[in-house]
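Q: This is the content of start.csv (CSV, N, CA and C atoms and all ligand atoms):
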```csv
chain,number,residue,atom,x,y,z
C,296,MET,N,2.1,-0.9,-42.0
C,296,MET,CA,3.1,-0.9,-43.2
C,296,MET,C,3.3,-2.3,-43.7
C,297,THR,N,3.1,-3.4,-42.9
C,297,THR,CA,3.4,-4.7,-43.3
C,297,THR,C,2.2,-5.3,-44.0
C,298,GLY,N,1.0,-4.7,-43.8
C,298,GLY,CA,-0.2,-5.3,-44.3
C,298,GLY,C,-0.8,-6.4,-43.5
C,299,ASN,N,-0.1,-6.7,-42.3
C,299,ASN,CA,-0.6,-7.8,-41.5
C,299,ASN,C,-1.7,-7.3,-40.6
C,300,THR,N,-2.9,-7.8,-40.7
C,300,THR,CA,-4.1,-7.3,-40.0
C,300,THR,C,-4.6,-8.4,-39.0
C,301,ASN,N,-3.7,-9.3,-38.6
C,301,ASN,CA,-4.1,-10.4,-37.6
C,301,ASN,C,-4.5,-9.7,-36.3
C,302,TYR,N,-5.5,-10.3,-35.6
C,302,TYR,CA,-5.9,-9.8,-34.3
C,302,TYR,C,-4.8,-10.1,-33.3
C,303,ILE,N,-4.4,-9.1,-32.5
C,303,ILE,CA,-3.4,-9.3,-31.4
C,303,ILE,C,-4.1,-9.0,-30.1
C,304,SER,N,-4.2,-9.9,-29.2
C,304,SER,CA,-4.9,-9.7,-27.9
C,304,SER,C,-4.2,-8.6,-27.1
C,305,LEU,N,-5.0,-8.0,-26.2
C,305,LEU,CA,-4.5,-6.9,-25.3
C,305,LEU,C,-3.4,-7.5,-24.5
C,306,TYR,N,-3.6,-8.7,-24.0
C,306,TYR,CA,-2.5,-9.3,-23.1
C,306,TYR,C,-1.2,-9.4,-23.9
C,307,LYS,N,-1.2,-9.8,-25.2
C,307,LYS,CA,0.0,-9.9,-26.0
C,307,LYS,C,0.6,-8.6,-26.3
C,308,GLN,N,-0.3,-7.6,-26.5
C,308,GLN,CA,0.2,-6.2,-26.8
C,308,GLN,C,0.9,-5.7,-25.5
C,309,LEU,N,0.3,-5.9,-24.4
C,309,LEU,CA,1.0,-5.4,-23.1
C,309,LEU,C,2.3,-6.1,-22.9
C,310,LEU,N,2.3,-7.5,-23.1
C,310,LEU,CA,3.5,-8.2,-23.0
C,310,LEU,C,4.6,-7.7,-23.9
C,311,PHE,N,4.2,-7.4,-25.1
C,311,PHE,CA,5.2,-6.9,-26.1
C,311,PHE,C,5.7,-5.5,-25.6
C,312,PHE,N,4.8,-4.7,-25.1
C,312,PHE,CA,5.1,-3.3,-24.7
C,312,PHE,C,6.2,-3.4,-23.5
C,313,PHE,N,5.9,-4.2,-22.5
C,313,PHE,CA,6.8,-4.2,-21.4
C,313,PHE,C,8.1,-5.0,-21.7
C,314,ASN,N,8.1,-5.9,-22.7
C,314,ASN,CA,9.4,-6.6,-23.0
C,314,ASN,C,10.1,-6.0,-24.2
C,315,ARG,N,9.6,-4.9,-24.7
C,315,ARG,CA,10.2,-4.4,-26.0
C,315,ARG,C,11.6,-4.0,-25.7
C,316,PRO,N,12.5,-4.0,-26.8
C,316,PRO,CA,13.9,-3.6,-26.6
C,316,PRO,C,13.9,-2.1,-26.3
C,317,LYS,N,14.6,-1.7,-25.2
C,317,LYS,CA,14.6,-0.3,-24.8
C,317,LYS,C,15.5,0.6,-25.7
C,318,ASN,N,16.4,0.0,-26.5
C,318,ASN,CA,17.2,0.8,-27.3
C,318,ASN,C,16.7,1.0,-28.7
C,319,ILE,N,15.4,0.6,-29.0
C,319,ILE,CA,14.8,0.8,-30.3
C,319,ILE,C,13.6,1.7,-30.1
C,320,THR,N,13.6,2.8,-31.0
C,320,THR,CA,12.5,3.7,-31.0
C,320,THR,C,11.9,3.8,-32.4
C,321,LEU,N,10.6,3.8,-32.5
C,321,LEU,CA,9.9,3.9,-33.8
C,321,LEU,C,9.0,5.1,-33.8
C,322,TYR,N,9.2,6.0,-34.8
C,322,TYR,CA,8.3,7.1,-35.0
C,322,TYR,C,7.5,6.8,-36.3
C,323,VAL,N,6.2,7.0,-36.2
C,323,VAL,CA,5.3,6.8,-37.3
C,323,VAL,C,4.7,8.1,-37.8
C,324,VAL,N,4.6,8.3,-39.1
C,324,VAL,CA,3.9,9.4,-39.7
C,324,VAL,C,2.5,9.0,-40.1
C,325,THR,N,1.5,9.7,-39.6
C,325,THR,CA,0.2,9.3,-39.9
C,325,THR,C,-0.5,10.5,-40.7
C,326,LEU,N,-1.4,10.1,-41.6
C,326,LEU,CA,-2.2,11.1,-42.4
C,326,LEU,C,-3.6,10.6,-42.4
C,327,LYS,N,-4.5,11.3,-41.9
C,327,LYS,CA,-5.9,10.9,-41.9
C,327,LYS,C,-6.1,9.5,-41.4
C,328,ASN,N,-5.5,9.2,-40.3
C,328,ASN,CA,-5.6,7.9,-39.6
C,328,ASN,C,-4.9,6.7,-40.3
C,329,SER,N,-4.1,7.1,-41.4
C,329,SER,CA,-3.3,6.0,-42.0
C,329,SER,C,-1.9,6.2,-41.7
C,330,ASN,N,-1.2,5.1,-41.5
C,330,ASN,CA,0.3,5.2,-41.3
C,330,ASN,C,0.9,5.3,-42.7
C,331,ILE,N,1.7,6.3,-42.9
C,331,ILE,CA,2.3,6.5,-44.3
C,331,ILE,C,3.8,6.5,-44.3
C,332,GLY,N,4.4,6.3,-43.1
C,332,GLY,CA,5.8,6.3,-43.1
C,332,GLY,C,6.3,6.1,-41.7
C,333,TYR,N,7.6,5.7,-41.6
C,333,TYR,CA,8.2,5.5,-40.2
C,333,TYR,C,9.7,5.8,-40.3
C,334,ILE,N,10.2,6.0,-39.1
C,334,ILE,CA,11.7,6.0,-39.0
C,334,ILE,C,12.0,5.2,-37.7
C,335,LEU,N,12.9,4.3,-37.9
C,335,LEU,CA,13.3,3.4,-36.8
C,335,LEU,C,14.7,3.9,-36.3
C,336,ILE,N,14.9,4.0,-35.0
C,336,ILE,CA,16.1,4.4,-34.4
C,336,ILE,C,16.7,3.3,-33.5
C,337,HIS,N,17.9,2.9,-33.8
C,337,HIS,CA,18.6,1.9,-33.0
C,337,HIS,C,19.7,2.6,-32.2
C,338,MET,N,19.6,2.7,-30.9
C,338,MET,CA,20.5,3.5,-30.2
C,338,MET,C,21.6,2.6,-29.5
C,339,LYS,N,22.9,3.0,-29.7
C,339,LYS,CA,24.0,2.3,-29.1
C,339,LYS,C,24.9,3.4,-28.5
C,340,GLU,N,24.8,3.5,-27.2
C,340,GLU,CA,25.5,4.6,-26.4
C,340,GLU,C,25.2,5.9,-27.0
C,341,ARG,N,26.2,6.7,-27.5
C,341,ARG,CA,25.9,8.0,-28.0
C,341,ARG,C,25.7,8.0,-29.6
C,342,LYS,N,25.4,6.8,-30.1
C,342,LYS,CA,25.3,6.7,-31.6
C,342,LYS,C,23.8,6.3,-31.8
C,343,ILE,N,23.3,6.8,-32.9
C,343,ILE,CA,22.0,6.2,-33.4
C,343,ILE,C,22.1,5.7,-34.8
C,344,PHE,N,21.5,4.6,-35.2
C,344,PHE,CA,21.5,4.1,-36.5
C,344,PHE,C,20.0,4.1,-37.0
C,345,ILE,N,19.8,4.8,-38.1
C,345,ILE,CA,18.4,5.0,-38.5
C,345,ILE,C,18.1,4.3,-39.8
C,346,THR,N,16.8,3.9,-40.0
C,346,THR,CA,16.3,3.5,-41.2
C,346,THR,C,14.8,4.0,-41.3
C,347,GLU,N,14.4,4.3,-42.5
C,347,GLU,CA,13.1,4.9,-42.7
C,347,GLU,C,12.4,4.4,-44.0
C,348,ALA,N,11.1,4.5,-44.0
C,348,ALA,CA,10.4,4.1,-45.3
C,348,ALA,C,9.1,4.9,-45.3
C,349,ILE,N,8.8,5.3,-46.6
C,349,ILE,CA,7.6,6.1,-46.8
C,349,ILE,C,6.7,5.2,-47.7
C,350,GLU,N,5.4,5.2,-47.4
C,350,GLU,CA,4.5,4.5,-48.3
C,350,GLU,C,4.5,5.0,-49.7
C,351,LYS,N,4.5,4.0,-50.7
C,351,LYS,CA,4.8,4.4,-52.1
C,351,LYS,C,4.0,5.6,-52.6
C,352,ASN,N,2.7,5.7,-52.3
C,352,ASN,CA,2.0,6.8,-52.9
C,352,ASN,C,2.3,8.2,-52.3
C,353,HIS,N,3.1,8.2,-51.2
C,353,HIS,CA,3.5,9.5,-50.5
C,353,HIS,C,4.9,9.8,-50.7
C,354,ARG,N,5.6,9.1,-51.5
C,354,ARG,CA,7.1,9.4,-51.7
C,354,ARG,C,7.3,10.6,-52.5
C,355,GLN,N,8.5,11.2,-52.4
C,355,GLN,CA,8.9,12.4,-53.2
C,355,GLN,C,8.0,13.6,-52.9
C,356,SER,N,7.5,13.6,-51.7
C,356,SER,CA,6.7,14.9,-51.3
C,356,SER,C,7.3,15.4,-50.0
C,357,GLY,N,8.5,15.1,-49.7
C,357,GLY,CA,9.2,15.7,-48.6
C,357,GLY,C,9.1,15.1,-47.2
C,358,ILE,N,8.4,13.9,-47.1
C,358,ILE,CA,8.2,13.3,-45.8
C,358,ILE,C,9.5,12.7,-45.3
C,359,GLY,N,10.3,12.1,-46.2
C,359,GLY,CA,11.6,11.5,-45.8
C,359,GLY,C,12.5,12.7,-45.2
C,360,THR,N,12.5,13.8,-45.9
C,360,THR,CA,13.3,15.0,-45.4
C,360,THR,C,12.7,15.4,-44.1
C,361,PHE,N,11.4,15.5,-43.9
C,361,PHE,CA,10.8,15.9,-42.7
C,361,PHE,C,11.3,15.0,-41.5
C,362,LEU,N,11.3,13.6,-41.8
C,362,LEU,CA,11.7,12.7,-40.7
C,362,LEU,C,13.2,12.9,-40.4
C,363,LEU,N,14.0,13.1,-41.4
C,363,LEU,CA,15.5,13.4,-41.1
C,363,LEU,C,15.6,14.7,-40.3
C,364,ASP,N,14.9,15.7,-40.7
C,364,ASP,CA,15.0,17.0,-39.9
C,364,ASP,C,14.6,16.8,-38.5
C,365,PHE,N,13.5,16.0,-38.3
C,365,PHE,CA,13.0,15.7,-36.9
C,365,PHE,C,14.1,15.0,-36.1
C,366,ILE,N,14.7,14.0,-36.7
C,366,ILE,CA,15.7,13.2,-36.0
C,366,ILE,C,17.0,14.1,-35.7
C,367,LYS,N,17.4,14.9,-36.7
C,367,LYS,CA,18.6,15.7,-36.5
C,367,LYS,C,18.4,16.7,-35.3
C,368,ASN,N,17.1,17.2,-35.2
C,368,ASN,CA,16.8,18.1,-34.1
C,368,ASN,C,16.6,17.4,-32.8
C,369,GLU,N,16.0,16.2,-32.8
C,369,GLU,CA,15.6,15.5,-31.6
C,369,GLU,C,16.9,14.8,-31.0
C,370,TYR,N,17.8,14.4,-31.8
C,370,TYR,CA,19.0,13.7,-31.3
C,370,TYR,C,20.3,14.5,-31.6
C,371,GLN,N,20.3,15.7,-31.2
C,371,GLN,CA,21.4,16.6,-31.4
C,371,GLN,C,22.7,16.2,-30.8
C,372,ASP,N,22.5,15.4,-29.7
C,372,ASP,CA,23.7,15.0,-28.9
C,372,ASP,C,24.3,13.7,-29.3
C,373,PHE,N,23.7,13.1,-30.4
C,373,PHE,CA,24.1,11.8,-30.9
C,373,PHE,C,24.8,11.9,-32.2
C,374,GLU,N,25.7,10.9,-32.5
C,374,GLU,CA,26.2,10.7,-33.9
C,374,GLU,C,25.1,9.9,-34.6
C,375,ILE,N,24.8,10.3,-35.8
C,375,ILE,CA,23.7,9.7,-36.6
C,375,ILE,C,24.2,9.0,-37.8
C,376,PHE,N,23.9,7.7,-37.9
C,376,PHE,CA,24.4,6.9,-39.0
C,376,PHE,C,23.3,6.2,-39.8
C,377,ALA,N,23.5,5.9,-41.1
C,377,ALA,CA,22.6,5.2,-41.9
C,377,ALA,C,23.3,4.3,-42.8
C,378,ASP,N,23.0,3.0,-42.8
C,378,ASP,CA,23.6,2.0,-43.8
C,378,ASP,C,22.6,1.9,-45.0
C,379,ILE,N,23.2,2.2,-46.2
C,379,ILE,CA,22.3,2.2,-47.4
C,379,ILE,C,22.9,1.3,-48.5
C,380,LEU,N,22.0,0.4,-49.0
C,380,LEU,CA,22.4,-0.5,-50.1
C,380,LEU,C,22.9,0.3,-51.3
C,381,HIS,N,23.9,-0.2,-52.0
C,381,HIS,CA,24.4,0.6,-53.1
C,381,HIS,C,23.4,0.9,-54.2
C,382,ASN,N,22.4,0.0,-54.4
C,382,ASN,CA,21.4,0.2,-55.4
C,382,ASN,C,20.3,1.1,-55.0
C,383,ASN,N,20.3,1.6,-53.8
C,383,ASN,CA,19.2,2.4,-53.3
C,383,ASN,C,19.5,3.9,-53.5
C,384,ILE,N,19.3,4.3,-54.8
C,384,ILE,CA,19.6,5.6,-55.2
C,384,ILE,C,18.8,6.7,-54.4
C,385,ALA,N,17.4,6.4,-54.3
C,385,ALA,CA,16.5,7.3,-53.6
C,385,ALA,C,17.0,7.6,-52.2
C,386,SER,N,17.4,6.6,-51.5
C,386,SER,CA,17.8,6.7,-50.1
C,386,SER,C,19.2,7.5,-50.0
C,387,SER,N,20.1,7.1,-50.9
C,387,SER,CA,21.4,7.8,-50.9
C,387,SER,C,21.2,9.2,-51.2
C,388,LYS,N,20.4,9.6,-52.2
C,388,LYS,CA,20.2,11.0,-52.5
C,388,LYS,C,19.5,11.7,-51.3
C,389,LEU,N,18.5,11.1,-50.7
C,389,LEU,CA,17.8,11.7,-49.6
C,389,LEU,C,18.8,12.1,-48.5
C,390,HIS,N,19.6,11.1,-48.1
C,390,HIS,CA,20.5,11.4,-47.0
C,390,HIS,C,21.6,12.4,-47.4
C,391,GLU,N,22.2,12.2,-48.6
C,391,GLU,CA,23.2,13.2,-49.0
C,391,GLU,C,22.7,14.6,-49.0
C,392,LYS,N,21.4,14.8,-49.6
C,392,LYS,CA,20.8,16.1,-49.6
C,392,LYS,C,20.6,16.7,-48.3
C,393,ASN,N,20.5,15.8,-47.3
C,393,ASN,CA,20.2,16.2,-45.9
C,393,ASN,C,21.4,16.2,-45.0
C,394,GLY,N,22.6,16.3,-45.6
C,394,GLY,CA,23.8,16.5,-44.8
C,394,GLY,C,24.5,15.3,-44.4
C,395,PHE,N,24.2,14.1,-44.9
C,395,PHE,CA,24.9,12.9,-44.6
C,395,PHE,C,26.1,12.7,-45.6
C,396,ILE,N,27.1,12.2,-45.0
C,396,ILE,CA,28.3,12.0,-45.9
C,396,ILE,C,28.7,10.5,-45.8
C,397,LYS,N,29.1,9.9,-47.0
C,397,LYS,CA,29.5,8.5,-47.0
C,397,LYS,C,30.9,8.4,-46.3
C,398,ILE,N,30.9,7.5,-45.3
C,398,ILE,CA,32.2,7.4,-44.5
C,398,ILE,C,32.8,6.0,-44.7
C,399,ALA,N,32.0,5.0,-45.2
C,399,ALA,CA,32.6,3.7,-45.4
C,399,ALA,C,31.7,2.9,-46.3
C,400,SER,N,32.3,1.9,-46.9
C,400,SER,CA,31.6,1.0,-47.9
C,400,SER,C,32.0,-0.4,-47.8
C,401,ASN,N,31.1,-1.3,-48.0
C,401,ASN,CA,31.6,-2.7,-48.3
C,401,ASN,C,30.9,-3.2,-49.6
C,402,GLU,N,30.9,-4.5,-49.8
C,402,GLU,CA,30.4,-4.9,-51.2
C,402,GLU,C,28.9,-4.7,-51.3
C,403,ASN,N,28.1,-4.6,-50.2
C,403,ASN,CA,26.7,-4.4,-50.2
C,403,ASN,C,26.1,-3.0,-50.0
C,404,PHE,N,26.7,-2.4,-49.0
C,404,PHE,CA,26.1,-1.1,-48.6
C,404,PHE,C,27.2,-0.1,-48.2
C,405,SER,N,26.8,1.2,-48.1
C,405,SER,CA,27.7,2.2,-47.6
C,405,SER,C,27.1,2.7,-46.3
C,406,THR,N,28.0,3.2,-45.4
C,406,THR,CA,27.6,3.8,-44.2
C,406,THR,C,27.7,5.3,-44.4
C,407,PHE,N,26.6,6.0,-44.1
C,407,PHE,CA,26.6,7.5,-44.1
C,407,PHE,C,26.5,8.0,-42.7
C,408,ARG,N,27.1,9.2,-42.5
C,408,ARG,CA,27.0,9.8,-41.2
C,408,ARG,C,26.6,11.2,-41.4
C,409,TYR,N,25.7,11.7,-40.5
C,409,TYR,CA,25.2,13.1,-40.5
C,409,TYR,C,26.3,14.0,-40.0
C,410,ALA,N,26.6,15.0,-40.8
C,410,ALA,CA,27.6,16.0,-40.3
C,410,ALA,C,27.0,17.4,-40.4
C,411,LYS,N,26.9,18.1,-39.3
C,411,LYS,CA,26.4,19.4,-39.2
C,411,LYS,C,27.4,20.3,-40.0
C,412,ASN,N,28.7,20.0,-39.8
C,412,ASN,CA,29.8,20.7,-40.4
C,412,ASN,C,30.6,19.7,-41.2
C,413,PRO,N,30.4,19.5,-42.5
C,413,PRO,CA,31.0,18.5,-43.3
C,413,PRO,C,32.6,18.6,-43.3
C,414,GLU,N,33.1,19.8,-43.1
C,414,GLU,CA,34.6,19.9,-43.1
C,414,GLU,C,35.2,19.1,-42.0
C,415,THR,N,34.5,19.0,-40.8
C,415,THR,CA,35.1,18.4,-39.7
C,415,THR,C,34.4,17.1,-39.2
C,416,LEU,N,33.3,16.8,-39.9
C,416,LEU,CA,32.4,15.7,-39.6
C,416,LEU,C,31.8,15.9,-38.2
C,417,ASN,N,31.6,17.1,-37.7
C,417,ASN,CA,31.0,17.4,-36.4
C,417,ASN,C,29.6,18.1,-36.6
C,501,LIG,C1,14.1,6.6,-49.5
C,501,LIG,C2,12.8,7.2,-49.1
C,501,LIG,C3,12.6,7.0,-47.6
C,501,LIG,C4,12.7,8.7,-49.5
C,501,LIG,O1,11.6,9.3,-48.9
C,501,LIG,P1,10.8,10.5,-49.6
C,501,LIG,O2,9.8,11.0,-48.7
C,501,LIG,O3,10.4,10.1,-51.0
C,501,LIG,O4,12.0,11.6,-49.7
C,501,LIG,P2,11.8,13.2,-50.0
C,501,LIG,O5,10.5,13.5,-50.7
C,501,LIG,O6,12.0,13.9,-48.7
C,501,LIG,O7,13.0,13.4,-51.0
C,501,LIG,C5,14.2,14.2,-50.7
C,501,LIG,C6,15.2,14.0,-51.8
C,501,LIG,O8,15.6,12.6,-51.9
C,501,LIG,C7,15.9,12.3,-53.3
C,501,LIG,N1,15.0,11.3,-53.8
C,501,LIG,C8,13.8,10.9,-53.2
C,501,LIG,N2,13.3,9.9,-53.9
C,501,LIG,C9,14.1,9.7,-55.0
C,501,LIG,C10,14.0,8.9,-56.2
C,501,LIG,N3,13.1,8.0,-56.4
C,501,LIG,N4,15.0,9.0,-57.1
C,501,LIG,C11,16.1,9.9,-56.9
C,501,LIG,N5,16.1,10.7,-55.9
C,501,LIG,C12,15.2,10.6,-54.9
C,501,LIG,C13,15.7,13.6,-54.0
C,501,LIG,O9,17.0,14.3,-54.1
C,501,LIG,C14,14.8,14.4,-53.2
C,501,LIG,O10,14.9,15.8,-53.3
C,501,LIG,P3,14.0,16.6,-54.4
C,501,LIG,O11,12.6,16.2,-54.1
C,501,LIG,O12,14.3,18.0,-54.2
C,501,LIG,O13,14.5,16.1,-55.7
C,501,LIG,C15,11.6,6.5,-49.9
C,501,LIG,O14,12.0,6.5,-51.3
C,501,LIG,C16,11.4,5.1,-49.5
C,501,LIG,O15,10.6,4.8,-48.5
C,501,LIG,N6,12.0,4.1,-50.1
C,501,LIG,C17,11.8,2.7,-49.7
C,501,LIG,C18,12.4,2.3,-48.4
C,501,LIG,C19,13.9,2.7,-48.3
C,501,LIG,O16,14.6,2.4,-49.2
C,501,LIG,N7,14.3,3.2,-47.1
C,501,LIG,C20,15.7,3.6,-46.9
C,501,LIG,C21,16.4,2.5,-46.2
C,501,LIG,S1,18.1,2.9,-46.0
```
Show this structure as structure tokens.
Ligand SMILES: CC(C)(COP(=O)(O)OP(=O)(O)OC[C@H]1O[C@@H](n2cnc3c(N)ncnc32)[C@H](O)[C@@H]1OP(=O)(O)O)[C@@H](O)C(=O)NCCC(=O)NCCS
A:
Amino acid sequence: MTGNTNYISLYKQLLFFFNRPKNITLYVVTLKNSNIGYILIHMKERKIFITEAIEKNHRQSGIGTFLLDFIKNEYQDFEIFADILHNNIASSKLHEKNGFIKIASNENFSTFRYAKNPETLN
């Protein structure tokens, strides 16, 4: 996704793997051997904070929704949060359409939380 194609030695890859932060998980969507999207999970106790991106040519075809469905199913016992910049209309709409509710705002971004039952935020 970054376009960085620099060679990374096996030793460095192993070093990274064993030293990687244990509370971060990355899921990647691939299509015909190309990475076309990801969702990053930052876990803090029983809460997860998510951020995702879809490659430009594959947006608006349901992949963002697919990733959120996957996370909602996989992390049922967690509270799910997303911080979204005010000018990011696509992301705000994606999350609202998928059951997220705005719970807080500052001058730069709003925090959304997934609510199975919006009445009670549970
Ligand atoms: C935000 C993003 C992940 C959405 O992914 P996506 O795969 O295009 O989303 P979906 O196709 O599942 O769209 C679901 C809904 O989101 C909303 N949406 C998606 N893109 C939109 C856009 N450009 N403008 C307005 N609404 C949009 C729509 O309501 C859409 O439902 P619809 O297709 O029935 O109209 C994608 O635009 C992206 O990668 N943006 C750049 C990175 C980013 O901003 N990530 C979020 C960080 S918080």
Q: For the atom pair atom C of Ile336 of chain C and atom C of Ile319 of chain C, what is the interatomic distance in Å to one decimal place?
A: 4.9 Å
Q: Can I get the residues close to ligand LIG 501 (chain C) as a list of chain:residue names, where close means within 6.5 Å and we count only N, CA and C atoms and all ligand atoms?
A: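 Written in the requested form, the residues are C:Ile345, C:Thr346, C:Glu347, C:Ala348, C:Ile349, C:Glu350, C:His353, C:Arg354, C:Gln355, C:Ser356, C:Gly357, C:Ile358, C:Gly359, C:Thr360, C:Phe361, C:Ala377, C:Asp378, C:Ile379, C:Leu380, C:Asn383, C:Ile384, C:Ala385, C:Ser386, C:Ser387, C:Lys388, C:Leu389, C:His390, C:Lys392.
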Q: At what distance in Å, to one decimal, does atom N of Asn352 of chain C lie from atom N of Asn401 of chain C?
A: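 Atom N of Asn352 of chain C lies 29.6 Å from atom N of Asn401 of chain C.
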Q: My list of candidates is C:Leu310, C:His381, C:Lys351, C:Arg315. Which is closest to Asn330 of chain C when distances are computed with only C-alpha atoms?
A: C:Lys351
Q: Please report the interatomic distance between atom CA of Val324 of chain C and atom CA of Lys397 of chain C in Å with one decimal.
A: 26.6 Å
